[in-house]
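Structure record follows, encoded as structure tokens.
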2 protein chains.
Amino acid sequence: MGKYKEILDHIARYVELSEREIAEFTSILKTTRVKKRQFIIQPGFVSEYRNYIVKGAVRVFYLDDLGKEHTVSIGVEDWFFTDFHSYLNRTPAEYFAEALEDSIIIQMKYDDVEELCGRIHSLCQYFRLYIEKALSHSNQRVITNISKTSEERYWDYVNTYPQIANRVPQYVLASYLGISPESISRIRSKS
Amino acid sequence: MGKYKEILDHIARYVELSEREIAEFTSILKTTRVKKRQFIIQPGFVSEYRNYIVKGAVRVFYLDDLGKEHTVSIGVEDWFFTDFHSYLNRTPAEYFAEALEDSIIIQMKYDDVEELCGRIHSLCQYFRLYIEKALSHSNQRVITNISKTSEERYWDYVNTYPQIANRVPQYVLASYLGISPESISRIRSKS
DNA sequence: AAAAAAGCTTGACGAAGGTCAAGCCCTAAA
DNA sequence: TTTAGGGCTTGACCTTCGTCAAGCTTTTTT
């Protein structure tokens with residue numbers, strides 16, 4: 001079971017699973033390798049899985065009517081991602097998920113997760129606690145977006161996630177923060 | 001138990017609770033009445049409760065360094081609100097929650113909710129499912145904020161929540177959408 | 001190693017929307 | 001019914017930031 005060490009450690013930070021529960025949980029997992037620039041989720045197809053990044057980096061983005069990209073999330077090791085709306089409602093995705101590097105991800109199907117959460121209380125607890133944190137984080141992002149200037153948002157991000165900011169292309173960061181790449185360039189050149 | 005009908009109906013849309021579980025759950029609930037303009041959460045104090053609105057309207061907002069208000073959420077009947085970060089971490093709140101009308105809210109304490117979620121599987125399921133939906137919604141709001149113009153955001157909101165838009169002051173809606181009240185006024189006068 | 005693709009920078013320009021200030025309107029209290 | 005306060009509107013102005021275009025640098029591919 002060494003191959004699922006990372007995700008099991010992640011869960012262990014929230015709840016304790018028995019040997020039997022671990023076995024049941026890992027039985028629904030599937031490891032997938034993707035190459036840089038490969039899509040894991042595409043509009044039109046249902047986002048069947050919750051995806052956990054073991055190694056690499058992935059961004060989720062929305063392509064608007066004018067062809068502009070808007071990044072929903074940037075994930076590296078130990079992050080989950082999916083098109084949540086598509087995943088929860090089994091409707092076609094509206095977002096792309098694209099590997100920014102060659103990556104290894106662990107995937108778990110909606111039906112399997114729901115079935116296990118229905119049977120295993122501690123797993124249900126884990127997902128509840130994890131998602132609550134994610135929600136608090138998402139709320140914070142909304143407020144940051146409407147209350148701070150571009151420059152503040154940029155430096156906040158770079159200071160909070162310096163390793164991610166160095167790792168992803170600047171235009172990805174720009175579309176995550178809602179700033180044009182040119183403006184990011186100008187902000188950087190000021191100092 | 002007629003007094004908890006609304007919130008129990010809300011839960012019943014996600015999971016089924018036994019008589020005994022309903023009794024345990026309602027035992028941790030407390031009903032509070034607040035007057036218009038009264039604060040339910042204030043910066044500096046821990047947001048102890050998850051709050052459910054039975055009747056009335058409440059907004060949660062952040063006051064920035066320059067004294068500008070930024071609305072995190074606008075809730076009416078059948079909505080939950082809290083300062084999630086404060087509630088989850090038992091740290092002082094950063095947001096205000098203010099009654100926009102005389103309101104009736106149901107409150108449940110963090111410790112009580114956690115204790116019950118640890119014991120009652122279906123309640124844990126309920127919160128998990130509800131929060132997952134809230135997260136998907138919050139993600140959507142982030143994307144709307146960075147990808148649409150002020151005018152689009154305004155009309156989207158008014159079309160999606162016409163009854164809320166009519167019920168709350170325009171400056172509240174403005175600070176929710178990240179637009180100045182003057183601009184909202186101009187957008188409206190165009191048509 | 002050469003060619004192509006992807007990403008970053010800089011400048012000129014313009015539009016969207018914020019700020020400030022004044023006045024109006026409506027509700028609720030005296 | 002008058003007055004005060006809260007909320008909304010309108011105008012003038014100005015700042016921020018996005019767009020377009022061109023050139024440069026770095027990375028990837030053949």
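By convention in this document, the chains of the structure tokens carry letters A, B, ... by their order, each chain's residues are numbered from 1, and ligands are numbered from 1 in the order they are shown.
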
Expected answer as a PDB file with C-alpha atoms, in the first residue's frame: chain A residues within 6 Å of chain B, only C-alpha atoms:
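The result, written out as selection19.pdb:
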```pdb
ATOM      1  CA  PHE A  84     -17.232  20.321  -8.566  1.00  0.00           C
ATOM      2  CA  HIS A  85     -20.488  21.241 -10.206  1.00  0.00           C
ATOM      3  CA  HIS A 121     -18.569   7.208   9.152  1.00  0.00           C
ATOM      4  CA  ARG A 128     -16.818  16.974   5.647  1.00  0.00           C
ATOM      5  CA  LEU A 135     -15.128  26.515   1.728  1.00  0.00           C
ATOM      6  CA  SER A 136     -13.648  28.898   4.263  1.00  0.00           C
ATOM      7  CA  VAL A 142     -14.018  36.045  -2.935  1.00  0.00           C
ATOM      8  CA  ILE A 146     -13.430  42.335  -4.404  1.00  0.00           C
ATOM      9  CA  GLY A 178      -8.029  38.236 -12.424  1.00  0.00           C
TER      10      GLY A 178
END
```

Practice item. Specify as a count of residues only all residues of chain C found within 9 Å of chain A, counting only C-alpha atoms (C1' of nucleotides). Key: 4

How close does chain D get to chain B? List, as a Markdown table, each residue of chain D within 9 Å, its nearest atom pair and the distance in Å to one decimal, counting only C-alpha atoms (C1' of nucleotides).
```
| residue | atom | partner | partner_atom | distance |
| --- | --- | --- | --- | --- |
| D:DG7 | C1' | B:Pro169 | CA | 7.8 |
| D:DC8 | C1' | B:Ser185 | CA | 7.5 |
| D:DT9 | C1' | B:Ser185 | CA | 6.7 |
| D:DT10 | C1' | B:Arg186 | CA | 8.7 |
```

Point to revise | Contact residues around B:Ser183 with only C-alpha atoms (C1' of nucleotides) at 9 Å, ignoring same-chain residues under 5 positions, as a list in words | key: Ser150, Glu151, Ala174 and Arg188 of chain B; DG17 and DG18 of chain C

Exercise for review: Please provide the set of residues having any atom within 12 Å of C:DC20, restricted to only C-alpha atoms (C1' of nucleotides), with same-chain residues fewer than 4 positions apart removed, written as a PyMOL selection string.
Suggested key: (chain B and resi 182) or (chain D and resi 11-14)
